[in-house]
$ cat input05.txt   # compact mmCIF, C-alpha atoms and all ligand atoms
# COMPACT_ATOMS: atom_id res chain seq x y z
CA MET A 1 0.00 0.00 0.00
CA THR A 2 1.35 3.38 -0.87
CA GLN A 3 0.64 6.51 1.01
CA THR A 4 0.96 9.91 -0.54
CA GLN A 5 3.30 12.16 1.38
CA THR A 6 2.46 15.77 0.97
CA THR A 7 5.06 18.35 1.76
CA ALA A 8 4.08 21.74 3.07
CA THR A 9 6.29 24.70 2.30
CA SER A 10 6.09 28.32 3.28
CA SER A 11 7.04 31.12 0.86
CA ALA A 12 10.15 31.02 -1.30
CA ILE A 13 13.17 29.36 0.22
CA PRO A 14 16.46 30.64 -1.20
CA GLU A 15 19.16 28.33 -2.57
CA LYS A 16 22.06 29.87 -0.69
CA MET A 17 22.47 31.11 2.86
CA GLN A 18 25.03 32.59 5.21
CA ALA A 19 26.53 30.24 7.77
CA VAL A 20 29.38 30.18 10.25
CA VAL A 21 31.61 27.18 9.50
CA CYS A 22 34.10 25.71 11.99
CA HIS A 23 37.35 24.70 10.28
CA GLY A 24 39.07 23.87 13.57
CA PRO A 25 40.06 25.74 16.74
CA GLU A 26 40.23 29.52 16.24
CA ASP A 27 39.26 29.11 12.60
CA TYR A 28 35.55 29.86 12.20
CA ARG A 29 34.51 31.57 8.97
CA LEU A 30 31.36 33.16 7.61
CA GLU A 31 30.56 31.40 4.33
CA GLU A 32 27.87 31.13 1.73
CA VAL A 33 26.57 27.57 1.65
CA ALA A 34 23.60 25.75 0.15
CA VAL A 35 20.31 25.82 2.06
CA PRO A 36 19.76 22.17 3.10
CA SER A 37 16.76 20.41 1.69
CA PRO A 38 14.77 18.15 3.98
CA GLY A 39 14.64 14.42 3.34
CA PRO A 40 11.71 12.18 4.32
CA GLY A 41 10.51 12.87 7.85
CA GLN A 42 12.77 15.89 8.34
CA ALA A 43 11.87 19.54 8.84
CA LEU A 44 13.53 22.64 7.43
CA VAL A 45 13.64 25.48 9.93
CA ARG A 46 14.45 29.15 9.38
CA VAL A 47 16.67 30.08 12.31
CA GLU A 48 15.43 33.10 14.24
CA ALA A 49 18.11 33.18 16.94
CA VAL A 50 21.04 31.09 18.17
CA GLY A 51 22.78 31.57 21.50
CA ILE A 52 26.54 31.35 21.90
CA CYS A 53 27.30 28.85 24.66
CA ALA A 54 30.40 28.88 26.87
CA SER A 55 31.01 25.44 25.38
CA ASP A 56 31.05 26.99 21.89
CA LEU A 57 33.80 29.26 23.13
CA LYS A 58 35.75 26.37 24.67
CA CYS A 59 35.43 24.45 21.41
CA TYR A 60 36.62 27.56 19.56
CA HIS A 61 39.65 27.79 21.82
CA GLY A 62 40.52 24.11 21.31
CA ALA A 63 39.61 22.57 24.70
CA ALA A 64 40.57 18.91 25.10
CA LYS A 65 36.94 17.92 25.71
CA PHE A 66 36.24 18.78 22.05
CA TRP A 67 39.51 18.21 20.23
CA GLY A 68 40.94 15.35 22.30
CA ASP A 69 44.08 14.78 24.34
CA ALA A 70 46.26 11.82 25.40
CA ASN A 71 43.29 10.12 27.08
CA ARG A 72 40.46 10.66 24.60
CA PRO A 73 39.94 11.07 20.89
CA ALA A 74 38.58 14.27 19.35
CA TRP A 75 34.79 14.46 19.56
CA ALA A 76 34.16 17.63 17.56
CA GLU A 77 34.58 17.62 13.79
CA THR A 78 35.66 20.32 11.33
CA GLU A 79 33.60 21.74 8.44
CA VAL A 80 30.60 21.94 10.75
CA ILE A 81 28.11 24.78 11.29
CA PRO A 82 28.16 25.37 15.08
CA GLY A 83 25.23 26.36 17.30
CA HIS A 84 23.03 24.21 19.53
CA GLU A 85 20.91 26.90 21.27
CA PHE A 86 18.54 27.74 18.44
CA VAL A 87 14.93 28.63 17.83
CA GLY A 88 13.29 28.90 14.46
CA GLU A 89 10.21 28.78 12.31
CA VAL A 90 9.19 25.63 10.45
CA VAL A 91 9.28 26.41 6.72
CA GLN A 92 9.07 22.96 5.15
CA LEU A 93 8.10 19.48 6.32
CA ASP A 94 6.19 16.39 5.23
CA ASP A 95 3.26 14.63 6.90
CA ALA A 96 5.50 12.21 8.78
CA ALA A 97 7.46 15.02 10.43
CA ALA A 98 4.31 17.02 11.15
CA ARG A 99 2.67 14.02 12.82
CA ARG A 100 5.72 12.92 14.80
CA TRP A 101 6.35 16.31 16.32
CA GLY A 102 2.84 17.76 16.24
CA ILE A 103 4.05 20.83 14.34
CA ALA A 104 3.11 22.67 11.15
CA VAL A 105 4.64 25.18 8.76
CA GLY A 106 4.73 28.56 10.49
CA ASP A 107 5.17 27.13 14.01
CA ARG A 108 8.03 28.26 16.17
CA VAL A 109 10.13 25.35 17.38
CA VAL A 110 13.16 24.38 19.43
CA ALA A 111 14.97 21.03 19.40
CA GLU A 112 17.04 19.37 22.10
CA GLN A 113 20.74 19.78 21.40
CA ILE A 114 21.34 16.02 21.39
CA VAL A 115 20.16 14.01 18.41
CA PRO A 116 19.83 10.55 19.96
CA CYS A 117 20.52 7.42 17.90
CA TRP A 118 17.61 5.61 19.63
CA LYS A 119 19.57 2.34 19.24
CA CYS A 120 22.37 2.31 21.83
CA ARG A 121 21.98 0.93 25.36
CA TYR A 122 21.52 4.42 26.81
CA CYS A 123 18.82 5.44 24.34
CA LEU A 124 17.01 2.12 24.84
CA ARG A 125 16.95 2.74 28.61
CA GLY A 126 15.57 6.28 28.27
CA GLU A 127 19.00 7.76 29.05
CA TYR A 128 19.11 9.35 25.61
CA TRP A 129 21.21 12.34 26.68
CA MET A 130 24.13 9.98 27.21
CA CYS A 131 23.62 8.45 23.74
CA ALA A 132 26.82 6.60 22.82
CA PRO A 133 27.50 8.21 19.41
CA HIS A 134 26.53 11.51 21.07
CA ASP A 135 25.60 13.51 18.01
CA MET A 136 24.85 17.03 19.12
CA PHE A 137 23.76 19.77 16.78
CA GLY A 138 26.68 21.95 15.78
CA PHE A 139 29.62 19.71 16.61
CA LYS A 140 29.46 16.93 14.03
CA ARG A 141 28.99 17.00 10.25
CA ARG A 142 25.87 14.83 10.45
CA ASN A 143 23.91 17.51 12.29
CA PRO A 144 24.83 21.09 11.35
CA GLY A 145 23.85 23.64 13.99
CA GLY A 146 21.95 26.90 14.07
CA MET A 147 24.59 29.50 13.16
CA ALA A 148 23.00 29.77 9.72
CA SER A 149 19.83 31.12 8.15
CA TYR A 150 18.32 27.63 7.86
CA MET A 151 18.87 24.23 9.45
CA LEU A 152 17.43 20.72 9.30
CA PHE A 153 15.75 18.85 12.12
CA PRO A 154 16.56 15.16 11.51
CA VAL A 155 14.05 12.37 12.18
CA GLU A 156 15.69 11.45 15.50
CA ALA A 157 15.48 14.99 16.95
CA LEU A 158 13.36 15.91 19.98
CA VAL A 159 11.26 18.91 18.95
CA TYR A 160 8.94 21.22 20.91
CA GLY A 161 6.75 24.15 20.03
CA ILE A 162 7.29 27.45 21.82
CA ASP A 163 5.32 30.71 22.08
CA LYS A 164 5.79 32.95 19.03
CA GLY A 165 5.24 35.99 21.23
CA LEU A 166 8.58 35.61 22.98
CA PRO A 167 11.52 37.61 21.62
CA PRO A 168 13.67 35.15 19.60
CA ALA A 169 16.67 35.50 21.93
CA HIS A 170 14.50 34.57 24.92
CA ALA A 171 13.10 31.52 23.14
CA ALA A 172 16.64 30.39 22.23
CA PHE A 173 17.41 30.40 25.96
CA THR A 174 15.40 27.16 26.29
CA GLU A 175 18.59 25.15 25.76
CA PRO A 176 20.77 26.61 28.55
CA LEU A 177 17.76 26.79 30.87
CA SER A 178 16.94 23.10 30.37
CA CYS A 179 20.57 22.28 31.18
CA ALA A 180 20.41 24.33 34.38
CA LEU A 181 17.15 22.62 35.39
CA HIS A 182 18.71 19.18 34.85
CA ALA A 183 21.53 20.11 37.22
CA VAL A 184 18.89 21.16 39.76
CA GLU A 185 17.11 17.82 39.35
CA ARG A 186 20.39 15.98 39.90
CA ALA A 187 20.77 17.78 43.21
CA GLY A 188 17.56 16.27 44.62
CA ILE A 189 16.80 19.44 46.58
CA LEU A 190 14.75 19.10 49.79
CA PHE A 191 12.67 21.81 51.48
CA GLU A 192 15.13 22.32 54.35
CA ASP A 193 18.21 22.57 52.15
CA VAL A 194 20.58 25.51 51.90
CA VAL A 195 21.54 25.53 48.22
CA VAL A 196 24.60 27.37 46.95
CA VAL A 197 24.98 28.22 43.26
CA ALA A 198 28.45 29.17 42.03
CA GLY A 199 28.46 31.49 39.04
CA CYS A 200 25.67 33.77 37.87
CA GLY A 201 26.11 33.41 34.14
CA PRO A 202 23.33 31.95 31.98
CA ILE A 203 23.62 28.47 33.52
CA GLY A 204 23.97 29.70 37.10
CA LEU A 205 20.98 32.03 36.78
CA GLY A 206 18.93 29.14 35.40
CA MET A 207 20.08 26.96 38.31
CA ILE A 208 18.97 29.67 40.73
CA ALA A 209 15.54 29.93 39.10
CA GLY A 210 15.20 26.13 39.11
CA ALA A 211 16.43 25.75 42.70
CA VAL A 212 14.03 28.48 43.87
CA ALA A 213 11.17 26.55 42.22
CA LYS A 214 12.02 23.62 44.55
CA TYR A 215 11.37 25.98 47.51
CA PRO A 216 14.39 25.20 49.72
CA ALA A 217 15.33 27.10 52.90
CA ALA A 218 17.81 29.34 51.07
CA VAL A 219 19.40 29.82 47.67
CA VAL A 220 22.79 31.51 47.91
CA ALA A 221 24.31 32.99 44.74
CA LEU A 222 28.07 33.44 44.38
CA ASP A 223 29.79 35.64 41.81
CA MET A 224 32.27 38.48 41.52
CA SER A 225 30.08 40.77 39.41
CA PRO A 226 27.61 43.03 41.25
CA ARG A 227 25.47 43.18 38.10
CA LYS A 228 25.21 39.40 37.83
CA LEU A 229 24.47 39.12 41.56
CA GLU A 230 21.65 41.62 41.11
CA LEU A 231 20.26 39.41 38.34
CA ALA A 232 20.61 36.41 40.66
CA ARG A 233 18.41 38.29 43.10
CA LYS A 234 15.84 38.87 40.35
CA CYS A 235 15.91 35.14 39.58
CA GLY A 236 14.96 34.48 43.19
CA ALA A 237 18.23 34.03 45.10
CA THR A 238 17.61 34.68 48.80
CA HIS A 239 21.26 35.54 49.52
CA ILE A 240 23.97 36.98 47.29
CA VAL A 241 27.69 36.89 48.05
CA ASN A 242 30.31 38.80 46.13
CA ILE A 243 33.27 36.43 46.49
CA ALA A 244 35.68 39.25 45.63
CA GLU A 245 34.67 40.92 48.87
CA GLN A 246 33.54 38.12 51.14
CA ASP A 247 34.77 34.59 51.88
CA PRO A 248 31.91 32.34 50.67
CA VAL A 249 32.96 29.44 52.89
CA ALA A 250 32.82 31.58 56.02
CA TYR A 251 29.54 33.14 54.89
CA VAL A 252 27.81 29.80 54.32
CA LYS A 253 29.18 28.26 57.53
CA ASP A 254 27.97 31.31 59.39
CA MET A 255 24.41 30.95 58.09
CA THR A 256 24.29 27.19 58.82
CA ASP A 257 25.50 27.08 62.44
CA GLY A 258 28.93 26.05 61.20
CA TYR A 259 27.73 22.98 59.32
CA GLY A 260 27.90 24.14 55.70
CA ALA A 261 25.54 24.00 52.74
CA ASP A 262 23.47 20.94 51.83
CA VAL A 263 23.82 21.39 48.08
CA TYR A 264 26.41 23.03 45.83
CA LEU A 265 25.70 23.63 42.15
CA GLU A 266 28.82 24.50 40.18
CA GLY A 267 28.31 26.50 37.01
CA THR A 268 31.45 28.58 36.56
CA GLY A 269 33.89 26.19 34.89
CA HIS A 270 36.58 27.77 37.00
CA PRO A 271 38.89 25.30 38.80
CA ALA A 272 38.87 27.42 41.98
CA ALA A 273 35.10 26.96 42.27
CA VAL A 274 35.57 23.22 42.78
CA GLY A 275 37.64 23.44 45.96
CA GLN A 276 35.37 26.26 47.13
CA GLY A 277 32.34 23.97 46.82
CA LEU A 278 33.97 21.03 48.57
CA ASN A 279 34.92 23.34 51.43
CA LEU A 280 31.55 25.03 51.92
CA LEU A 281 29.46 21.83 51.85
CA ARG A 282 28.42 20.10 55.04
CA LYS A 283 29.18 16.45 55.70
CA LEU A 284 27.03 14.17 53.49
CA GLY A 285 26.34 17.15 51.23
CA ARG A 286 25.69 17.00 47.49
CA TYR A 287 27.95 18.53 44.88
CA VAL A 288 26.64 18.88 41.31
CA GLU A 289 29.14 19.68 38.58
CA TYR A 290 27.72 21.14 35.39
CA SER A 291 30.68 23.02 33.92
CA VAL A 292 33.01 22.26 31.06
CA PHE A 293 36.55 23.07 32.19
CA GLY A 294 39.29 24.51 30.03
CA SER A 295 41.98 22.97 32.25
CA ASP A 296 42.50 20.24 34.85
CA VAL A 297 41.32 20.75 38.43
CA THR A 298 43.42 19.83 41.46
CA VAL A 299 41.69 19.28 44.80
CA ASP A 300 42.19 17.15 47.90
CA TRP A 301 39.84 14.23 47.20
CA SER A 302 39.94 13.11 50.82
CA ILE A 303 37.37 15.87 51.48
CA ILE A 304 34.97 13.78 49.39
CA SER A 305 35.81 10.54 51.23
CA ASP A 306 37.28 10.81 54.70
CA ASP A 307 36.16 14.28 55.69
CA LYS A 308 32.58 14.56 54.45
CA GLU A 309 31.40 11.48 52.53
CA LEU A 310 30.01 13.71 49.78
CA ASP A 311 27.83 12.76 46.85
CA VAL A 312 29.53 14.21 43.77
CA LEU A 313 27.23 14.22 40.76
CA GLY A 314 27.87 15.17 37.17
CA ALA A 315 25.25 16.78 34.97
CA HIS A 316 25.15 17.12 31.20
CA LEU A 317 22.51 18.57 28.88
CA GLY A 318 18.87 19.03 29.88
CA PRO A 319 17.08 15.69 29.55
CA HIS A 320 13.39 15.65 30.42
CA CYS A 321 13.65 19.35 31.36
CA TRP A 322 12.76 21.04 28.05
CA PRO A 323 9.02 21.29 28.69
CA ALA A 324 9.71 22.85 32.10
CA ALA A 325 12.23 25.29 30.62
CA ILE A 326 9.67 26.30 27.97
CA ARG A 327 6.99 26.77 30.65
CA MET A 328 9.37 28.90 32.68
CA LEU A 329 10.20 31.15 29.71
CA GLU A 330 6.56 31.38 28.62
CA SER A 331 5.61 32.42 32.17
CA ARG A 332 7.80 35.51 31.60
CA LEU A 333 8.87 35.44 35.24
CA LEU A 334 12.61 35.59 34.60
CA PRO A 335 14.43 38.88 33.86
CA MET A 336 15.10 37.72 30.30
CA ASP A 337 15.70 41.18 28.83
CA GLU A 338 18.70 41.51 31.10
CA ILE A 339 19.85 37.88 30.79
CA CYS A 340 19.82 38.15 26.98
CA SER A 341 22.25 41.04 27.12
CA HIS A 342 23.51 41.10 23.52
CA GLN A 343 21.96 40.31 20.14
CA LEU A 344 24.23 40.53 17.10
CA PRO A 345 23.73 39.74 13.43
CA LEU A 346 25.24 36.39 12.39
CA GLU A 347 28.14 38.00 10.54
CA LYS A 348 29.37 39.47 13.84
CA PHE A 349 29.90 35.99 15.35
CA GLN A 350 33.55 36.78 16.06
CA GLU A 351 32.53 39.79 18.14
CA GLY A 352 29.96 37.56 19.82
CA LEU A 353 32.62 35.01 20.79
CA GLU A 354 34.77 37.82 22.18
CA LEU A 355 31.85 39.13 24.23
CA VAL A 356 31.34 35.67 25.73
CA ALA A 357 35.08 35.33 26.40
CA ASP A 358 35.25 38.71 28.11
CA GLY A 359 32.17 38.00 30.21
CA THR A 360 32.28 41.32 32.06
CA THR A 361 29.59 43.06 30.01
CA SER A 362 27.68 40.10 28.57
CA ILE A 363 25.41 37.48 30.11
CA LYS A 364 23.89 35.64 27.12
CA VAL A 365 25.05 36.60 23.66
CA THR A 366 22.69 35.64 20.84
CA LEU A 367 23.23 35.72 17.09
CA ILE A 368 20.37 36.67 14.79
CA PRO A 369 20.73 35.24 11.26
CA ALA A 370 19.42 37.36 8.38
ZN ZN B 401 24.68 25.35 25.45
ZN ZN B 402 21.92 6.35 21.49
$ encode --input "input05.txt" --output "structure tokens"
Amino acid sequence: MTQTQTTATSSAIPEKMQAVVCHGPEDYRLEEVAVPSPGPGQALVRVEAVGICASDLKCYHGAAKFWGDANRPAWAETEVIPGHEFVGEVVQLDDAAARRWGIAVGDRVVAEQIVPCWKCRYCLRGEYWMCAPHDMFGFKRRNPGGMASYMLFPVEALVYGIDKGLPPAHAAFTEPLSCALHAVERAGILFEDVVVVAGCGPIGLGMIAGAVAKYPAAVVALDMSPRKLELARKCGATHIVNIAEQDPVAYVKDMTDGYGADVYLEGTGHPAAVGQGLNLLRKLGRYVEYSVFGSDVTVDWSIISDDKELDVLGAHLGPHCWPAAIRMLESRLLPMDEICSHQLPLEKFQEGLELVADGTTSIKVTLIPA
């Protein structure tokens, strides 16, 4: 039996588009490339906004996590369009894609950054974010990312609709926010917990908002920037500590009768924040590491064992947290105008990367393709 597949298309789709192409560390170029055409079951999306992640910057600078070292092979590939924090409008798709994702031409959509294989042992157990081949948008040739005018959503992608009324940069924040919420879930926060969040960048602010939603006794934000700490307050932090002026370990011990915090969420990627967290946690506390580090971290591991018997938990991506992140953004409760501090046209990607690297003026930098 044959079934007719109809394909819906919005107005004229050009043949060529602008895209950022990664040719290796420190070699990203703006190029004119062909607009991809969707195969069976795929969707073509016109990119409205794409955030620059700290991990994009680390990839740009050649971090071992992406380009390999003595202990691991390279994971990132060259000749790839980067960008995994995108939002866009569906411009072309067939019935199969429309049915699978419940979307239509004209809808605004986001997709999870991981494109699971749905065949490996992790995917088969529902642990799709740890998918063995680990194809993420924007790092491998198979799945070009959102730093382009158009991109494809492959059949395996996890796709969600999102409110068209949100500014594009806010909608593109779904990705980092889902990651932050996953870290919060890993922490298993209880009502009586004192939760400390290190770093008030995009991930840290999302962690604060997520931790606050769990209604613990206190959410303490740590940073060195008064502006970011003010934003932490607007995201619901009950206490803010400028670590350039105040010792965070002493502060937290002081507010917990000398015991220390119950939970520490690390979102700075700075090696010094690791020892800081181990030192300010109470015995039997929980440490959640979200960051990607540009260099090795040295700490006394006997704090984890002998001293405190800590639970140290990793967190990666935002599995099962995308719907919550979308709800949170659609509620318009977060200070998104301030979090999305910079929007630049795609051709200014280099300036965007520099703004992320500098970090003193920017929070979330977003590129807007033409
Ligand atoms: Zn990201
Ligand atoms: Zn898999």
$ closest_atom_pairs --input "input05.txt" --of "chain A" --to "ligand ZN 402 (chain B)" --cutoff "6 Å" --atoms "only C-alpha atoms and all ligand atoms" --output "Markdown table"
| residue | atom | partner | partner_atom | distance |
| --- | --- | --- | --- | --- |
| A:Pro116 | CA | B:ZN402 | ZN | 4.9 |
| A:Cys117 | CA | B:ZN402 | ZN | 4.0 |
| A:Trp118 | CA | B:ZN402 | ZN | 4.8 |
| A:Lys119 | CA | B:ZN402 | ZN | 5.2 |
| A:Cys120 | CA | B:ZN402 | ZN | 4.1 |
| A:Tyr122 | CA | B:ZN402 | ZN | 5.7 |
| A:Cys123 | CA | B:ZN402 | ZN | 4.3 |
| A:Tyr128 | CA | B:ZN402 | ZN | 5.8 |
| A:Cys131 | CA | B:ZN402 | ZN | 3.5 |
| A:Ala132 | CA | B:ZN402 | ZN | 5.1 |
$ residues_around --input "input05.txt" --residues "A:Ser10" --least-positions-apart "4" --cutoff "7 Å" --atoms "all atoms listed in the file" --output "list in words"
Val91, Gln92 and Val105 of chain A
$ closest_atom_pairs --input "input05.txt" --of "chain A" --to "ligand ZN 401 (chain B)" --cutoff "6 Å" --atoms "all atoms listed in the file" --output "CSV"
residue,atom,partner,partner_atom,distance
A:Cys53,CA,B:ZN401,ZN,4.4
A:Glu85,CA,B:ZN401,ZN,5.8
A:Pro176,CA,B:ZN401,ZN,5.1
$ closest_residue --input "input05.txt" --among "A:Phe349, A:Phe137, A:Tyr251, A:Tyr290" --to "A:His316" --atoms "all atoms listed in the file"
A:Tyr290
$ atom_distance --input "input05.txt" --atom1 "atom CA of A:Arg186" --atom2 "atom CA of A:Trp75"
25.0 Å
$ atom_distance --input "input05.txt" --atom1 "atom CA of A:Met151" --atom2 "atom CA of A:Glu175"
16.3 Å
$ residues_near_point --input "input05.txt" --point "(33.2, 32.5, 11.4)" --cutoff "10 Å" --atoms "only C-alpha atoms" --output "list in words"
Ala19, Val20, Val21, Cys22, His23, Glu26, Asp27, Tyr28, Arg29, Leu30, Glu31, Ile81, Pro82, Met147, Leu346, Glu347, Lys348, Phe349, Gln350, Glu351 and Leu353 of chain A
$ closest_residue --input "input05.txt" --among "A:Ala64, A:Ala148, A:Leu57, A:Ala172" --to "A:Met336" --atoms "only C-alpha atoms"
A:Ala172
$ closest_residue --input "input05.txt" --among "A:Ala70, A:Leu281, A:Leu333, A:Leu124" --to "A:Val196" --atoms "only C-alpha atoms"
A:Leu281
$ atom_distance --input "input05.txt" --atom1 "atom CA of A:Ile303" --atom2 "atom CA of A:Ala273"
14.6 Å
$ closest_residue --input "input05.txt" --among "A:Gln42, A:Ser178, A:Thr78, A:Thr7" --to "A:Ala325" --atoms "only C-alpha atoms"
A:Ser178
$ residues_around --input "input05.txt" --residues "A:Pro369" --least-positions-apart "3" --cutoff "7 Å" --atoms "only C-alpha atoms" --output "JSON, numbers by chain"
{"A": [47, 48, 49, 148, 149, 345, 346]}
$ closest_residue --input "input05.txt" --among "A:Ile162, A:Ala187, A:Ala198, A:Leu222" --to "A:Ser331" --atoms "all atoms listed in the file"
A:Ile162
